[in-house]
Structure formats: structure tokens, C-alpha cells
Amino acid sequence: NKNLSVVISNPVKAPFAFDSIVLSISAKLQKDAAILLQAAVETEAGWSGFYKLAYISNTYKKTFEPQKDEFASTDIDTLLCKKPANRFKYQITILGKAKINLLCAALTNSTAFYDKELAQETLDLKDFELPLAPISQMEFEDKTIANKICSPAALTAVLNYYGKKV
């Protein structure tokens, strides 16, 4: 299909062993275009298959039913590894025409020790508060995931504060 493009990355070595990954993409889609975003991870047992994390078009956004196998499982848009992973690959399937501006991967090691003072010192950060207008994830129309979207709700509140109404 000449309207279908598939991009598979080379393996990306993570800076630390991780047990979860979230991919985010920023793209400009033509009218009827859509993107399927997937990820695979490498653990000591080898490479997993690709897990579907998001389907995005101009009029429709979808997450998938939970996927689960011996390597990992999914929860909404998060890939949760059963054993630590050191590398990942992403696959972007584009139907139609799209310009990808940015792809980000957020990796987490839930067992790692976090030293807030060291992180702030290293990054030269200071604590601060923004007077955000309250918003509730529980008001989301799809009640089956409303209790699982705290990060998107928090990001929405920050973007609204800075004038990007979403």
C-alpha cells in the first residue's frame, strides 16, 4: 500500500535498566492520516514483540486493550516490563501522510532510589508552585480509564496555565 509507511528504529540503549516505557509523539497529520505507535523491549530473555501503545488521527485517539506475555504487559499507554530491560525499539506505522516532529521515550526504573536533593543540585533546579486551575481526571468521558490518567490531567493543567488550552 503506497499510503502505508512503517518505520522501525534501531535498538536504543537505555542509560539505565528500566521497567516501564511510555512513548509520546508530536506529528502533523494530513486530513485522513493516522499513526500507530508501538514499542518492543530487550530483557535478559531476548527481544519482545511489538506492543501497541497508541493510535492517533486528527479526529480519533485510541489506546488498546491490555496486552500481556512473558516479557511485559500494557496499561493504557504504558509498557510494563516483567524483568528489567536495557534496550528498546519503536515502530511507527503511518497511514497517509504525516510529518513527525518529535518522538520521546520516558523510561522508569520503579526500584531505583531517588535523591531529590541530589537531582535538584545536579540539574540546578528549585522547588516552585504554579497557581493552576483545578481539573479532574475523573470527569473524563471514558470512565473505564478515568482513574488511570493522572499524568495527562496534570500536564493539561500546566498547559492550560501557560495558555495552551487543551
# chains A, B, ... in the order shown; residues from 1 in each chain; ligands from 1

call {"tool": "residues_around", "arguments": {"residues": "range 76-83 of chain A", "least_positions_apart": "3", "cutoff": "9 Å", "atoms": "only C-alpha atoms", "output": "PyMOL selection string"}}
result
chain A and resi 18-23+39-41+43-45+51-54+63-66+70-73+145+148-149

call {"tool": "residues_around", "arguments": {"residues": "Cys150 in chain A", "least_positions_apart": "4", "cutoff": "10 Å", "atoms": "only C-alpha atoms", "output": "list in words"}}
result
Ser136, Gln137, Met138, Ile145, Ala146, Ala154, Leu155 and Thr156 of chain A

call {"tool": "closest_residue", "arguments": {"among": "A:Leu132, A:Glu139, A:Glu117, A:Lys28", "to": "Gly163 in chain A", "atoms": "only C-alpha atoms"}}
result
A:Leu132

call {"tool": "select_by_dssp", "arguments": {"residues": "range 9-96 of chain A", "states": "strand (DSSP E or B)", "output": "ChimeraX atom specification"}}
result
/A:12-29,34-43,46-47,51-57,61-62,68,72-75,78-95

call {"tool": "atom_distance", "arguments": {"atom1": "CA of Leu37 in chain A", "atom2": "CA of Asn160 in chain A"}}
result
25.9 Å

call {"tool": "atom_distance", "arguments": {"atom1": "CA of Lys164 in chain A", "atom2": "CA of Lys116 in chain A"}}
result
29.1 Å

call {"tool": "residues_around", "arguments": {"residues": "range 29-35 of chain A", "least_positions_apart": "2", "cutoff": "10 Å", "atoms": "only C-alpha atoms", "output": "PyMOL selection string"}}
result
chain A and resi 3-6+25-27+37-38+54-61+92-100

call {"tool": "write_last_selection", "arguments": {"atoms": "N, CA and C atoms", "output": "PDB file, in the first residue's frame"}}
result
ATOM      1  N   ASN A   3       0.171   4.178   0.515  1.00  0.00           N
ATOM      2  CA  ASN A   3      -0.226   5.135   1.548  1.00  0.00           C
ATOM      3  C   ASN A   3       0.166   4.665   2.943  1.00  0.00           C
ATOM      4  N   LEU A   4       0.913   3.558   3.020  1.00  0.00           N
ATOM      5  CA  LEU A   4       1.302   2.998   4.310  1.00  0.00           C
ATOM      6  C   LEU A   4       2.821   2.998   4.421  1.00  0.00           C
ATOM      7  N   SER A   5       3.339   3.585   5.519  1.00  0.00           N
ATOM      8  CA  SER A   5       4.776   3.605   5.777  1.00  0.00           C
ATOM      9  C   SER A   5       5.023   3.020   7.156  1.00  0.00           C
ATOM     10  N   VAL A   6       6.084   2.229   7.268  1.00  0.00           N
ATOM     11  CA  VAL A   6       6.455   1.653   8.557  1.00  0.00           C
ATOM     12  C   VAL A   6       7.910   2.008   8.840  1.00  0.00           C
ATOM     13  N   ILE A  25       4.476  11.135  20.908  1.00  0.00           N
ATOM     14  CA  ILE A  25       4.812  11.593  19.561  1.00  0.00           C
ATOM     15  C   ILE A  25       4.100  12.910  19.271  1.00  0.00           C
ATOM     16  N   SER A  26       4.799  13.776  18.560  1.00  0.00           N
ATOM     17  CA  SER A  26       4.206  15.008  18.056  1.00  0.00           C
ATOM     18  C   SER A  26       4.314  14.944  16.535  1.00  0.00           C
ATOM     19  N   ALA A  27       3.178  15.012  15.866  1.00  0.00           N
ATOM     20  CA  ALA A  27       3.178  14.886  14.409  1.00  0.00           C
ATOM     21  C   ALA A  27       2.084  15.751  13.812  1.00  0.00           C
ATOM     22  N   LEU A  37       1.560   3.708  17.091  1.00  0.00           N
ATOM     23  CA  LEU A  37       2.825   3.772  17.823  1.00  0.00           C
ATOM     24  C   LEU A  37       2.996   2.497  18.639  1.00  0.00           C
ATOM     25  N   GLN A  38       4.131   1.815  18.448  1.00  0.00           N
ATOM     26  CA  GLN A  38       4.400   0.560  19.136  1.00  0.00           C
ATOM     27  C   GLN A  38       5.817   0.552  19.701  1.00  0.00           C
ATOM     28  N   ALA A  54      -0.526   3.294  21.087  1.00  0.00           N
ATOM     29  CA  ALA A  54      -1.447   4.387  20.757  1.00  0.00           C
ATOM     30  C   ALA A  54      -1.743   4.399  19.263  1.00  0.00           C
ATOM     31  N   TYR A  55      -2.960   4.807  18.945  1.00  0.00           N
ATOM     32  CA  TYR A  55      -3.390   5.048  17.571  1.00  0.00           C
ATOM     33  C   TYR A  55      -3.910   6.473  17.547  1.00  0.00           C
ATOM     34  N   ILE A  56      -3.385   7.279  16.630  1.00  0.00           N
ATOM     35  CA  ILE A  56      -3.696   8.708  16.630  1.00  0.00           C
ATOM     36  C   ILE A  56      -4.063   9.161  15.224  1.00  0.00           C
ATOM     37  N   SER A  57      -5.167   9.895  15.111  1.00  0.00           N
ATOM     38  CA  SER A  57      -5.515  10.581  13.870  1.00  0.00           C
ATOM     39  C   SER A  57      -5.991  11.978  14.252  1.00  0.00           C
ATOM     40  N   ASN A  58      -6.381  12.762  13.279  1.00  0.00           N
ATOM     41  CA  ASN A  58      -6.863  14.119  13.581  1.00  0.00           C
ATOM     42  C   ASN A  58      -8.179  14.118  14.347  1.00  0.00           C
ATOM     43  N   THR A  59      -8.943  13.049  14.201  1.00  0.00           N
ATOM     44  CA  THR A  59     -10.265  13.018  14.826  1.00  0.00           C
ATOM     45  C   THR A  59     -10.426  11.903  15.849  1.00  0.00           C
ATOM     46  N   TYR A  60      -9.389  11.088  16.038  1.00  0.00           N
ATOM     47  CA  TYR A  60      -9.567   9.898  16.856  1.00  0.00           C
ATOM     48  C   TYR A  60      -8.257   9.547  17.553  1.00  0.00           C
ATOM     49  N   LYS A  61      -8.344   9.254  18.837  1.00  0.00           N
ATOM     50  CA  LYS A  61      -7.196   8.762  19.589  1.00  0.00           C
ATOM     51  C   LYS A  61      -7.655   7.508  20.318  1.00  0.00           C
ATOM     52  N   ILE A  92       6.732   2.947  14.150  1.00  0.00           N
ATOM     53  CA  ILE A  92       5.707   3.927  13.793  1.00  0.00           C
ATOM     54  C   ILE A  92       5.119   3.495  12.456  1.00  0.00           C
ATOM     55  N   THR A  93       3.826   3.228  12.446  1.00  0.00           N
ATOM     56  CA  THR A  93       3.129   2.890  11.211  1.00  0.00           C
ATOM     57  C   THR A  93       2.271   4.092  10.845  1.00  0.00           C
ATOM     58  N   ILE A  94       2.492   4.613   9.644  1.00  0.00           N
ATOM     59  CA  ILE A  94       1.781   5.811   9.193  1.00  0.00           C
ATOM     60  C   ILE A  94       0.884   5.450   8.022  1.00  0.00           C
ATOM     61  N   LEU A  95      -0.393   5.739   8.177  1.00  0.00           N
ATOM     62  CA  LEU A  95      -1.349   5.586   7.086  1.00  0.00           C
ATOM     63  C   LEU A  95      -1.604   6.983   6.545  1.00  0.00           C
ATOM     64  N   GLY A  96      -1.313   7.194   5.265  1.00  0.00           N
ATOM     65  CA  GLY A  96      -1.451   8.529   4.695  1.00  0.00           C
ATOM     66  C   GLY A  96      -0.151   9.297   4.847  1.00  0.00           C
ATOM     67  N   LYS A  97      -0.278  10.623   4.947  1.00  0.00           N
ATOM     68  CA  LYS A  97       0.914  11.468   5.033  1.00  0.00           C
ATOM     69  C   LYS A  97       0.961  12.174   6.383  1.00  0.00           C
ATOM     70  N   ALA A  98       2.151  12.152   6.965  1.00  0.00           N
ATOM     71  CA  ALA A  98       2.350  12.786   8.267  1.00  0.00           C
ATOM     72  C   ALA A  98       3.783  13.281   8.356  1.00  0.00           C
ATOM     73  N   LYS A  99       3.958  14.364   9.088  1.00  0.00           N
ATOM     74  CA  LYS A  99       5.297  14.866   9.382  1.00  0.00           C
ATOM     75  C   LYS A  99       5.517  14.683  10.883  1.00  0.00           C
ATOM     76  N   ILE A 100       6.479  13.860  11.222  1.00  0.00           N
ATOM     77  CA  ILE A 100       6.777  13.622  12.632  1.00  0.00           C
ATOM     78  C   ILE A 100       7.758  14.688  13.100  1.00  0.00           C
TER      79      ILE A 100
END
